[in-house]
>>> print(open('coords_27.cif').read())   # mmCIF, N, CA, C and O atoms
data_run
#
loop_
_atom_site.label_atom_id
_atom_site.label_comp_id
_atom_site.auth_asym_id
_atom_site.auth_seq_id
_atom_site.Cartn_x
_atom_site.Cartn_y
_atom_site.Cartn_z
N MET P 1 0.85 -1.18 0.00
CA MET P 1 0.00 0.00 0.00
C MET P 1 0.89 1.23 0.00
O MET P 1 1.76 1.38 0.84
N ALA P 2 0.66 2.11 -0.91
CA ALA P 2 1.47 3.33 -1.04
C ALA P 2 1.03 4.36 -0.01
O ALA P 2 -0.16 4.50 0.29
N PHE P 3 1.99 5.07 0.50
CA PHE P 3 1.72 6.15 1.45
C PHE P 3 1.27 7.37 0.67
O PHE P 3 1.90 7.76 -0.30
N ARG P 4 0.16 7.94 1.10
CA ARG P 4 -0.34 9.14 0.43
C ARG P 4 -0.17 10.34 1.34
O ARG P 4 -0.50 10.30 2.51
N TYR P 5 0.34 11.39 0.78
CA TYR P 5 0.54 12.63 1.51
C TYR P 5 -0.48 13.63 1.00
O TYR P 5 -0.49 13.97 -0.18
N ASP P 6 -1.35 14.06 1.85
CA ASP P 6 -2.39 15.01 1.46
C ASP P 6 -1.87 16.42 1.71
O ASP P 6 -1.82 16.89 2.83
N SER P 7 -1.49 17.07 0.64
CA SER P 7 -0.99 18.43 0.77
C SER P 7 -1.92 19.41 0.09
O SER P 7 -1.52 20.49 -0.32
N SER P 8 -3.18 19.02 -0.04
CA SER P 8 -4.14 19.90 -0.68
C SER P 8 -4.29 21.18 0.14
O SER P 8 -4.14 21.18 1.36
N PRO P 9 -4.58 22.27 -0.54
CA PRO P 9 -4.76 23.55 0.19
C PRO P 9 -5.83 23.46 1.26
O PRO P 9 -5.68 24.03 2.33
N GLN P 10 -6.91 22.73 0.98
CA GLN P 10 -7.98 22.63 1.97
C GLN P 10 -7.49 21.91 3.22
O GLN P 10 -7.75 22.34 4.35
N SER P 11 -6.75 20.82 3.05
CA SER P 11 -6.23 20.06 4.18
C SER P 11 -5.27 20.92 5.00
O SER P 11 -5.34 20.96 6.23
N GLN P 12 -4.37 21.60 4.31
CA GLN P 12 -3.40 22.45 5.00
C GLN P 12 -4.11 23.60 5.70
O GLN P 12 -3.72 24.00 6.80
N ASN P 13 -5.15 24.14 5.09
CA ASN P 13 -5.89 25.24 5.69
C ASN P 13 -6.59 24.78 6.97
O ASN P 13 -6.59 25.50 7.98
N GLN P 14 -7.16 23.58 6.97
CA GLN P 14 -7.83 23.06 8.17
C GLN P 14 -6.82 22.86 9.29
O GLN P 14 -7.10 23.16 10.45
N ILE P 15 -5.65 22.36 8.96
CA ILE P 15 -4.61 22.16 9.97
C ILE P 15 -4.14 23.51 10.51
O ILE P 15 -3.99 23.68 11.72
N SER P 16 -3.96 24.47 9.61
CA SER P 16 -3.54 25.81 10.04
C SER P 16 -4.59 26.45 10.95
O SER P 16 -4.25 27.08 11.95
N GLN P 17 -5.86 26.28 10.59
CA GLN P 17 -6.93 26.82 11.43
C GLN P 17 -6.93 26.17 12.80
O GLN P 17 -7.13 26.84 13.82
N ALA P 18 -6.70 24.86 12.85
CA ALA P 18 -6.65 24.17 14.13
C ALA P 18 -5.47 24.66 14.96
O ALA P 18 -5.59 24.86 16.17
N GLN P 19 -4.33 24.87 14.31
CA GLN P 19 -3.15 25.37 15.03
C GLN P 19 -3.40 26.77 15.57
O GLN P 19 -3.04 27.08 16.70
N ASN P 20 -4.02 27.62 14.76
CA ASN P 20 -4.34 28.98 15.21
C ASN P 20 -5.33 28.94 16.37
O ASN P 20 -5.19 29.70 17.35
N SER P 21 -6.30 28.07 16.27
CA SER P 21 -7.27 27.93 17.35
C SER P 21 -6.60 27.44 18.63
O SER P 21 -6.94 27.90 19.73
N LEU P 22 -5.64 26.53 18.49
CA LEU P 22 -4.89 26.05 19.65
C LEU P 22 -4.09 27.15 20.31
O LEU P 22 -4.00 27.21 21.54
N GLU P 23 -3.50 28.02 19.52
CA GLU P 23 -2.76 29.16 20.09
C GLU P 23 -3.69 30.04 20.91
O GLU P 23 -3.33 30.49 22.01
N LYS P 24 -4.88 30.30 20.38
CA LYS P 24 -5.85 31.11 21.11
C LYS P 24 -6.31 30.40 22.38
O LYS P 24 -6.50 31.05 23.42
N LEU P 25 -6.50 29.08 22.29
CA LEU P 25 -6.87 28.31 23.47
C LEU P 25 -5.77 28.38 24.53
O LEU P 25 -6.05 28.57 25.71
N HIS P 26 -4.53 28.22 24.10
CA HIS P 26 -3.41 28.28 25.04
C HIS P 26 -3.41 29.62 25.77
O HIS P 26 -3.24 29.68 26.99
N TYR P 27 -3.62 30.69 25.03
CA TYR P 27 -3.66 32.02 25.64
C TYR P 27 -4.83 32.12 26.63
O TYR P 27 -4.66 32.62 27.75
N ALA P 28 -6.01 31.64 26.23
CA ALA P 28 -7.18 31.72 27.10
C ALA P 28 -6.98 30.91 28.38
O ALA P 28 -7.33 31.37 29.48
N VAL P 29 -6.40 29.72 28.26
CA VAL P 29 -6.15 28.89 29.44
C VAL P 29 -5.10 29.55 30.32
O VAL P 29 -5.24 29.57 31.55
N SER P 30 -4.07 30.12 29.72
CA SER P 30 -3.04 30.81 30.50
C SER P 30 -3.63 31.98 31.27
O SER P 30 -3.30 32.20 32.44
N GLN P 31 -4.52 32.72 30.62
CA GLN P 31 -5.19 33.84 31.30
C GLN P 31 -6.05 33.33 32.45
O GLN P 31 -6.06 33.92 33.53
N ALA P 32 -6.75 32.23 32.22
CA ALA P 32 -7.60 31.66 33.28
C ALA P 32 -6.75 31.15 34.44
O ALA P 32 -7.17 31.22 35.60
N MET P 33 -5.57 30.64 34.14
CA MET P 33 -4.68 30.17 35.21
C MET P 33 -4.14 31.36 36.01
O MET P 33 -3.99 31.27 37.22
N SER P 34 -3.86 32.45 35.33
CA SER P 34 -3.34 33.64 36.01
C SER P 34 -4.42 34.35 36.81
O SER P 34 -4.15 34.94 37.86
N HIS P 35 -5.64 34.33 36.29
CA HIS P 35 -6.77 35.01 36.91
C HIS P 35 -7.94 34.03 36.98
O HIS P 35 -8.87 34.12 36.18
N PRO P 36 -7.89 33.10 37.92
CA PRO P 36 -8.89 32.01 37.94
C PRO P 36 -10.26 32.43 38.48
O PRO P 36 -10.74 31.93 39.48
N ASN P 37 -10.88 33.37 37.78
CA ASN P 37 -12.24 33.73 38.16
C ASN P 37 -13.21 33.09 37.17
O ASN P 37 -12.82 32.57 36.13
N ALA P 38 -14.48 33.11 37.51
CA ALA P 38 -15.49 32.40 36.72
C ALA P 38 -15.53 32.87 35.27
O ALA P 38 -15.67 32.07 34.35
N GLU P 39 -15.37 34.17 35.05
CA GLU P 39 -15.44 34.71 33.69
C GLU P 39 -14.29 34.19 32.83
O GLU P 39 -14.51 33.76 31.69
N MET P 40 -13.08 34.19 33.35
CA MET P 40 -11.92 33.75 32.59
C MET P 40 -11.99 32.25 32.31
O MET P 40 -11.66 31.80 31.21
N VAL P 41 -12.44 31.47 33.28
CA VAL P 41 -12.57 30.03 33.09
C VAL P 41 -13.64 29.75 32.04
O VAL P 41 -13.46 28.89 31.17
N GLU P 42 -14.73 30.49 32.09
CA GLU P 42 -15.80 30.30 31.11
C GLU P 42 -15.32 30.66 29.70
O GLU P 42 -15.65 29.97 28.73
N GLN P 43 -14.54 31.72 29.57
CA GLN P 43 -13.99 32.08 28.27
C GLN P 43 -13.07 30.98 27.75
O GLN P 43 -13.09 30.66 26.55
N ALA P 44 -12.27 30.40 28.62
CA ALA P 44 -11.37 29.32 28.22
C ALA P 44 -12.18 28.09 27.78
O ALA P 44 -11.83 27.43 26.80
N LYS P 45 -13.27 27.80 28.49
CA LYS P 45 -14.11 26.66 28.11
C LYS P 45 -14.77 26.90 26.75
O LYS P 45 -14.89 25.98 25.94
N HIS P 46 -15.18 28.12 26.50
CA HIS P 46 -15.77 28.47 25.20
C HIS P 46 -14.72 28.29 24.09
O HIS P 46 -15.01 27.72 23.04
N ARG P 47 -13.52 28.75 24.36
CA ARG P 47 -12.43 28.62 23.39
C ARG P 47 -12.10 27.14 23.17
O ARG P 47 -11.80 26.72 22.05
N LEU P 48 -12.17 26.33 24.23
CA LEU P 48 -11.92 24.89 24.11
C LEU P 48 -12.93 24.26 23.15
O LEU P 48 -12.55 23.48 22.28
N ALA P 49 -14.19 24.60 23.28
CA ALA P 49 -15.23 24.03 22.40
C ALA P 49 -14.95 24.41 20.94
O ALA P 49 -15.05 23.57 20.04
N HIS P 50 -14.56 25.64 20.72
CA HIS P 50 -14.25 26.11 19.36
C HIS P 50 -13.03 25.36 18.82
O HIS P 50 -13.02 24.94 17.66
N THR P 51 -12.03 25.17 19.65
CA THR P 51 -10.80 24.48 19.24
C THR P 51 -11.07 23.02 18.94
O THR P 51 -10.54 22.47 17.96
N GLU P 52 -11.89 22.38 19.76
CA GLU P 52 -12.23 20.97 19.51
C GLU P 52 -12.90 20.83 18.14
O GLU P 52 -12.60 19.89 17.39
N GLN P 53 -13.75 21.76 17.80
CA GLN P 53 -14.41 21.72 16.50
C GLN P 53 -13.39 21.88 15.37
O GLN P 53 -13.43 21.14 14.38
N ALA P 54 -12.45 22.80 15.52
CA ALA P 54 -11.42 23.00 14.50
C ALA P 54 -10.53 21.77 14.35
O ALA P 54 -10.19 21.37 13.24
N VAL P 55 -10.18 21.16 15.47
CA VAL P 55 -9.34 19.95 15.43
C VAL P 55 -10.11 18.80 14.80
O VAL P 55 -9.55 18.03 14.00
N ASN P 56 -11.38 18.65 15.12
CA ASN P 56 -12.19 17.58 14.55
C ASN P 56 -12.29 17.69 13.03
O ASN P 56 -12.38 16.68 12.33
N GLN P 57 -12.24 18.90 12.51
CA GLN P 57 -12.32 19.09 11.06
C GLN P 57 -11.04 18.66 10.35
O GLN P 57 -11.04 18.49 9.14
N THR P 58 -9.97 18.44 11.08
CA THR P 58 -8.72 17.98 10.46
C THR P 58 -8.68 16.46 10.36
O THR P 58 -7.77 15.91 9.76
N GLY P 59 -9.64 15.77 10.94
CA GLY P 59 -9.63 14.32 11.03
C GLY P 59 -9.56 13.59 9.71
O GLY P 59 -9.06 12.46 9.64
N ASP P 60 -10.02 14.19 8.62
CA ASP P 60 -10.02 13.53 7.33
C ASP P 60 -8.69 13.68 6.59
O ASP P 60 -8.52 13.11 5.53
N SER P 61 -7.78 14.43 7.15
CA SER P 61 -6.50 14.65 6.48
C SER P 61 -5.70 13.36 6.42
O SER P 61 -5.63 12.60 7.37
N LEU P 62 -5.09 13.13 5.28
CA LEU P 62 -4.23 11.96 5.13
C LEU P 62 -2.85 12.20 5.73
O LEU P 62 -2.09 11.27 5.93
N ASN P 63 -2.54 13.43 5.99
CA ASN P 63 -1.26 13.80 6.60
C ASN P 63 -1.43 13.74 8.11
O ASN P 63 -1.76 14.73 8.76
N ARG P 64 -1.25 12.59 8.70
CA ARG P 64 -1.57 12.34 10.10
C ARG P 64 -0.61 13.02 11.09
O ARG P 64 -1.00 13.31 12.21
N GLN P 65 0.63 13.23 10.70
CA GLN P 65 1.60 13.76 11.66
C GLN P 65 1.17 15.12 12.24
O GLN P 65 1.12 15.26 13.47
N PRO P 66 0.83 16.12 11.43
CA PRO P 66 0.40 17.38 12.05
C PRO P 66 -0.92 17.26 12.78
O PRO P 66 -1.14 17.93 13.79
N VAL P 67 -1.79 16.37 12.31
CA VAL P 67 -3.07 16.17 12.99
C VAL P 67 -2.84 15.58 14.37
O VAL P 67 -3.43 16.03 15.36
N GLU P 68 -1.96 14.59 14.46
CA GLU P 68 -1.65 13.98 15.75
C GLU P 68 -1.01 14.99 16.70
O GLU P 68 -1.31 15.00 17.90
N LEU P 69 -0.16 15.84 16.18
CA LEU P 69 0.47 16.87 17.02
C LEU P 69 -0.59 17.82 17.56
O LEU P 69 -0.59 18.15 18.75
N VAL P 70 -1.50 18.24 16.70
CA VAL P 70 -2.57 19.15 17.13
C VAL P 70 -3.45 18.47 18.18
O VAL P 70 -3.83 19.09 19.18
N GLU P 71 -3.74 17.19 17.98
CA GLU P 71 -4.56 16.46 18.95
C GLU P 71 -3.85 16.34 20.30
O GLU P 71 -4.49 16.48 21.35
N GLU P 72 -2.54 16.11 20.29
CA GLU P 72 -1.77 16.04 21.54
C GLU P 72 -1.78 17.38 22.26
O GLU P 72 -1.94 17.44 23.49
N MET P 73 -1.61 18.44 21.49
CA MET P 73 -1.60 19.79 22.09
C MET P 73 -2.96 20.11 22.69
O MET P 73 -3.05 20.73 23.75
N LEU P 74 -4.02 19.69 22.02
CA LEU P 74 -5.37 19.90 22.54
C LEU P 74 -5.55 19.18 23.87
O LEU P 74 -6.10 19.76 24.83
N GLU P 75 -5.06 17.96 23.97
CA GLU P 75 -5.16 17.21 25.24
C GLU P 75 -4.40 17.93 26.36
O GLU P 75 -4.88 17.98 27.50
N GLU P 76 -3.24 18.48 26.04
CA GLU P 76 -2.47 19.22 27.05
C GLU P 76 -3.26 20.42 27.56
O GLU P 76 -3.30 20.69 28.77
N GLU P 77 -3.90 21.13 26.64
CA GLU P 77 -4.68 22.30 27.05
C GLU P 77 -5.90 21.88 27.86
O GLU P 77 -6.27 22.56 28.82
N LYS P 78 -6.53 20.77 27.50
CA LYS P 78 -7.65 20.26 28.28
C LYS P 78 -7.21 19.96 29.71
O LYS P 78 -7.92 20.28 30.68
N ASN P 79 -6.04 19.35 29.84
CA ASN P 79 -5.51 19.03 31.18
C ASN P 79 -5.22 20.30 31.97
O ASN P 79 -5.49 20.36 33.18
N ARG P 80 -4.65 21.30 31.31
CA ARG P 80 -4.38 22.56 31.99
C ARG P 80 -5.68 23.20 32.48
O ARG P 80 -5.78 23.68 33.61
N LEU P 81 -6.70 23.19 31.62
CA LEU P 81 -7.99 23.77 31.99
C LEU P 81 -8.64 22.97 33.11
O LEU P 81 -9.21 23.54 34.04
N ALA P 82 -8.54 21.65 33.04
CA ALA P 82 -9.11 20.81 34.10
C ALA P 82 -8.43 21.08 35.44
O ALA P 82 -9.09 21.03 36.49
N SER P 83 -7.14 21.39 35.42
CA SER P 83 -6.44 21.68 36.67
C SER P 83 -6.98 22.95 37.31
O SER P 83 -7.05 23.05 38.53
N ILE P 84 -7.40 23.90 36.50
CA ILE P 84 -8.00 25.13 37.05
C ILE P 84 -9.32 24.79 37.70
O ILE P 84 -9.61 25.22 38.82
N SER P 85 -10.13 24.02 37.00
CA SER P 85 -11.45 23.65 37.52
C SER P 85 -11.32 22.86 38.81
O SER P 85 -12.06 23.09 39.76
N SER P 86 -10.36 21.93 38.87
CA SER P 86 -10.21 21.14 40.10
C SER P 86 -9.64 21.99 41.23
O SER P 86 -10.01 21.81 42.38
N ASP P 87 -8.78 22.95 40.91
CA ASP P 87 -8.27 23.86 41.93
C ASP P 87 -9.40 24.71 42.49
O ASP P 87 -9.49 24.92 43.69
N LYS P 88 -10.31 25.18 41.62
CA LYS P 88 -11.45 25.99 42.08
C LYS P 88 -12.36 25.15 42.95
O LYS P 88 -12.89 25.63 43.95
N GLN P 89 -12.59 23.87 42.58
CA GLN P 89 -13.44 23.00 43.38
C GLN P 89 -12.84 22.80 44.78
O GLN P 89 -13.54 22.81 45.76
N GLY P 90 -11.53 22.65 44.82
CA GLY P 90 -10.85 22.48 46.12
C GLY P 90 -11.00 23.69 47.00
O GLY P 90 -11.18 23.57 48.21
N GLU P 91 -10.96 24.88 46.39
CA GLU P 91 -11.12 26.11 47.17
C GLU P 91 -12.54 26.24 47.70
O GLU P 91 -12.75 26.74 48.79
N GLN P 92 -13.53 25.78 46.93
CA GLN P 92 -14.92 25.90 47.35
C GLN P 92 -15.25 24.97 48.50
O GLN P 92 -16.14 25.25 49.28
N THR P 93 -14.55 23.84 48.60
CA THR P 93 -14.86 22.89 49.66
C THR P 93 -14.13 23.21 50.95
O THR P 93 -14.38 22.58 51.97
N LYS P 94 -13.22 24.16 50.93
CA LYS P 94 -12.48 24.53 52.15
C LYS P 94 -13.32 25.35 53.09
O LYS P 94 -14.16 26.07 52.76
#
>>> encode(input="coords_27.cif", output="structure tokens")
Amino acid sequence: MAFRYDSSPQSQNQISQAQNSLEKLHYAVSQAMSHPNAEMVEQAKHRLAHTEQAVNQTGDSLNRQPVELVEEMLEEEKNRLASISSDKQGEQTK
């Protein structure tokens, strides 16, 4: 079976959009970590939903390497956001 490399403009554009969305998510999560109030956490969660949608649109790409990298980065940001939520829960139970 021959390896196919999908370098179509549409595929590359979807990957670029996902990467840009991830950068915005990283910034939103960083802001929420610096200022862990309800508004900042909610903004980060909204950005997460948008980023998940952008990453999901890359799923059809035959060029798996950048897609896998984007998916790994998304998981890291989810973990960072979850740490904020769990930290807030801990503060509320004190």
>>> closest_residue(input="coords_27.cif", among="P:Ser21, P:Gln31, P:Ser85, P:Asn13", to="Val55 (chain P)", atoms="only C-alpha atoms")
P:Ser21
>>> atom_distance(input="coords_27.cif", atom1="atom N of Asn79 (chain P)", atom2="CA of His50 (chain P)")
14.9 Å
>>> resolve_selection(input="coords_27.cif", expression="the PyMOL selection byres ((chain P and resi 44) around 8)", output="short mmCIF file (atom, residue, chain, number, x, y, z; two decimals) with N, CA, C and O atoms, keeping the file's coordinate frame")
data_model
loop_
_atom_site.label_atom_id
_atom_site.label_comp_id
_atom_site.auth_asym_id
_atom_site.auth_seq_id
_atom_site.Cartn_x
_atom_site.Cartn_y
_atom_site.Cartn_z
N LYS P 24 -4.88 30.30 20.38
CA LYS P 24 -5.85 31.11 21.11
C LYS P 24 -6.31 30.40 22.38
O LYS P 24 -6.50 31.05 23.42
N LEU P 25 -6.50 29.08 22.29
CA LEU P 25 -6.87 28.31 23.47
C LEU P 25 -5.77 28.38 24.53
O LEU P 25 -6.05 28.57 25.71
N HIS P 26 -4.53 28.22 24.10
CA HIS P 26 -3.41 28.28 25.04
C HIS P 26 -3.41 29.62 25.77
O HIS P 26 -3.24 29.68 26.99
N TYR P 27 -3.62 30.69 25.03
CA TYR P 27 -3.66 32.02 25.64
C TYR P 27 -4.83 32.12 26.63
O TYR P 27 -4.66 32.62 27.75
N ALA P 28 -6.01 31.64 26.23
CA ALA P 28 -7.18 31.72 27.10
C ALA P 28 -6.98 30.91 28.38
O ALA P 28 -7.33 31.37 29.48
N VAL P 29 -6.40 29.72 28.26
CA VAL P 29 -6.15 28.89 29.44
C VAL P 29 -5.10 29.55 30.32
O VAL P 29 -5.24 29.57 31.55
N SER P 30 -4.07 30.12 29.72
CA SER P 30 -3.04 30.81 30.50
C SER P 30 -3.63 31.98 31.27
O SER P 30 -3.30 32.20 32.44
N GLN P 31 -4.52 32.72 30.62
CA GLN P 31 -5.19 33.84 31.30
C GLN P 31 -6.05 33.33 32.45
O GLN P 31 -6.06 33.92 33.53
N ALA P 32 -6.75 32.23 32.22
CA ALA P 32 -7.60 31.66 33.28
C ALA P 32 -6.75 31.15 34.44
O ALA P 32 -7.17 31.22 35.60
N ASN P 37 -10.88 33.37 37.78
CA ASN P 37 -12.24 33.73 38.16
C ASN P 37 -13.21 33.09 37.17
O ASN P 37 -12.82 32.57 36.13
N ALA P 38 -14.48 33.11 37.51
CA ALA P 38 -15.49 32.40 36.72
C ALA P 38 -15.53 32.87 35.27
O ALA P 38 -15.67 32.07 34.35
N GLU P 39 -15.37 34.17 35.05
CA GLU P 39 -15.44 34.71 33.69
C GLU P 39 -14.29 34.19 32.83
O GLU P 39 -14.51 33.76 31.69
N MET P 40 -13.08 34.19 33.35
CA MET P 40 -11.92 33.75 32.59
C MET P 40 -11.99 32.25 32.31
O MET P 40 -11.66 31.80 31.21
N VAL P 41 -12.44 31.47 33.28
CA VAL P 41 -12.57 30.03 33.09
C VAL P 41 -13.64 29.75 32.04
O VAL P 41 -13.46 28.89 31.17
N GLU P 42 -14.73 30.49 32.09
CA GLU P 42 -15.80 30.30 31.11
C GLU P 42 -15.32 30.66 29.70
O GLU P 42 -15.65 29.97 28.73
N GLN P 43 -14.54 31.72 29.57
CA GLN P 43 -13.99 32.08 28.27
C GLN P 43 -13.07 30.98 27.75
O GLN P 43 -13.09 30.66 26.55
N LYS P 45 -13.27 27.80 28.49
CA LYS P 45 -14.11 26.66 28.11
C LYS P 45 -14.77 26.90 26.75
O LYS P 45 -14.89 25.98 25.94
N HIS P 46 -15.18 28.12 26.50
CA HIS P 46 -15.77 28.47 25.20
C HIS P 46 -14.72 28.29 24.09
O HIS P 46 -15.01 27.72 23.04
N ARG P 47 -13.52 28.75 24.36
CA ARG P 47 -12.43 28.62 23.39
C ARG P 47 -12.10 27.14 23.17
O ARG P 47 -11.80 26.72 22.05
N LEU P 48 -12.17 26.33 24.23
CA LEU P 48 -11.92 24.89 24.11
C LEU P 48 -12.93 24.26 23.15
O LEU P 48 -12.55 23.48 22.28
N ALA P 49 -14.19 24.60 23.28
CA ALA P 49 -15.23 24.03 22.40
C ALA P 49 -14.95 24.41 20.94
O ALA P 49 -15.05 23.57 20.04
N HIS P 50 -14.56 25.64 20.72
CA HIS P 50 -14.25 26.11 19.36
C HIS P 50 -13.03 25.36 18.82
O HIS P 50 -13.02 24.94 17.66
N THR P 51 -12.03 25.17 19.65
CA THR P 51 -10.80 24.48 19.24
C THR P 51 -11.07 23.02 18.94
O THR P 51 -10.54 22.47 17.96
N GLU P 77 -3.90 21.13 26.64
CA GLU P 77 -4.68 22.30 27.05
C GLU P 77 -5.90 21.88 27.86
O GLU P 77 -6.27 22.56 28.82
N LEU P 81 -6.70 23.19 31.62
CA LEU P 81 -7.99 23.77 31.99
C LEU P 81 -8.64 22.97 33.11
O LEU P 81 -9.21 23.54 34.04
#
>>> atom_distance(input="coords_27.cif", atom1="CA of Val67 (chain P)", atom2="atom O of Asn20 (chain P)")
14.4 Å
>>> closest_residue(input="coords_27.cif", among="P:Ser86, P:Glu52, P:Leu62, P:Gln12", to="Leu74 (chain P)", atoms="all atoms listed in the file")
P:Glu52
>>> decode(input="coords_27.cif", residues="region 42-64 of chain P", atoms="N, CA and C atoms", output="mmCIF file, in the first residue's frame")
data_model
loop_
_atom_site.group_PDB
_atom_site.id
_atom_site.type_symbol
_atom_site.label_atom_id
_atom_site.label_comp_id
_atom_site.auth_asym_id
_atom_site.auth_seq_id
_atom_site.Cartn_x
_atom_site.Cartn_y
_atom_site.Cartn_z
ATOM 1 N N GLU P 42 -14.728 30.492 32.091
ATOM 2 C CA GLU P 42 -15.802 30.302 31.108
ATOM 3 C C GLU P 42 -15.324 30.659 29.703
ATOM 4 N N GLN P 43 -14.540 31.723 29.573
ATOM 5 C CA GLN P 43 -13.987 32.085 28.272
ATOM 6 C C GLN P 43 -13.070 30.981 27.746
ATOM 7 N N ALA P 44 -12.269 30.402 28.616
ATOM 8 C CA ALA P 44 -11.372 29.316 28.216
ATOM 9 C C ALA P 44 -12.180 28.093 27.784
ATOM 10 N N LYS P 45 -13.267 27.795 28.491
ATOM 11 C CA LYS P 45 -14.109 26.661 28.109
ATOM 12 C C LYS P 45 -14.768 26.900 26.749
ATOM 13 N N HIS P 46 -15.176 28.118 26.501
ATOM 14 C CA HIS P 46 -15.765 28.466 25.198
ATOM 15 C C HIS P 46 -14.722 28.288 24.095
ATOM 16 N N ARG P 47 -13.517 28.748 24.363
ATOM 17 C CA ARG P 47 -12.428 28.619 23.387
ATOM 18 C C ARG P 47 -12.096 27.142 23.171
ATOM 19 N N LEU P 48 -12.169 26.334 24.226
ATOM 20 C CA LEU P 48 -11.924 24.895 24.111
ATOM 21 C C LEU P 48 -12.932 24.263 23.150
ATOM 22 N N ALA P 49 -14.194 24.595 23.275
ATOM 23 C CA ALA P 49 -15.226 24.035 22.396
ATOM 24 C C ALA P 49 -14.945 24.411 20.939
ATOM 25 N N HIS P 50 -14.559 25.644 20.718
ATOM 26 C CA HIS P 50 -14.245 26.105 19.365
ATOM 27 C C HIS P 50 -13.029 25.361 18.815
ATOM 28 N N THR P 51 -12.029 25.166 19.654
ATOM 29 C CA THR P 51 -10.799 24.483 19.236
ATOM 30 C C THR P 51 -11.074 23.016 18.941
ATOM 31 N N GLU P 52 -11.886 22.380 19.762
ATOM 32 C CA GLU P 52 -12.235 20.974 19.506
ATOM 33 C C GLU P 52 -12.900 20.829 18.138
ATOM 34 N N GLN P 53 -13.748 21.762 17.799
ATOM 35 C CA GLN P 53 -14.414 21.722 16.496
ATOM 36 C C GLN P 53 -13.385 21.881 15.374
ATOM 37 N N ALA P 54 -12.455 22.795 15.520
ATOM 38 C CA ALA P 54 -11.422 23.004 14.497
ATOM 39 C C ALA P 54 -10.534 21.773 14.350
ATOM 40 N N VAL P 55 -10.179 21.156 15.475
ATOM 41 C CA VAL P 55 -9.338 19.954 15.432
ATOM 42 C C VAL P 55 -10.108 18.797 14.803
ATOM 43 N N ASN P 56 -11.383 18.654 15.122
ATOM 44 C CA ASN P 56 -12.193 17.578 14.545
ATOM 45 C C ASN P 56 -12.285 17.692 13.025
ATOM 46 N N GLN P 57 -12.239 18.900 12.512
ATOM 47 C CA GLN P 57 -12.319 19.095 11.062
ATOM 48 C C GLN P 57 -11.043 18.659 10.351
ATOM 49 N N THR P 58 -9.968 18.440 11.081
ATOM 50 C CA THR P 58 -8.724 17.976 10.459
ATOM 51 C C THR P 58 -8.684 16.459 10.364
ATOM 52 N N GLY P 59 -9.641 15.773 10.935
ATOM 53 C CA GLY P 59 -9.629 14.318 11.026
ATOM 54 C C GLY P 59 -9.555 13.588 9.706
ATOM 55 N N ASP P 60 -10.019 14.192 8.625
ATOM 56 C CA ASP P 60 -10.018 13.534 7.326
ATOM 57 C C ASP P 60 -8.692 13.681 6.589
ATOM 58 N N SER P 61 -7.782 14.429 7.145
ATOM 59 C CA SER P 61 -6.499 14.655 6.481
ATOM 60 C C SER P 61 -5.696 13.365 6.415
ATOM 61 N N LEU P 62 -5.089 13.129 5.280
ATOM 62 C CA LEU P 62 -4.234 11.955 5.130
ATOM 63 C C LEU P 62 -2.850 12.198 5.729
ATOM 64 N N ASN P 63 -2.544 13.431 5.995
ATOM 65 C CA ASN P 63 -1.263 13.798 6.598
ATOM 66 C C ASN P 63 -1.432 13.741 8.114
ATOM 67 N N ARG P 64 -1.247 12.589 8.701
ATOM 68 C CA ARG P 64 -1.568 12.339 10.105
ATOM 69 C C ARG P 64 -0.607 13.016 11.088
#
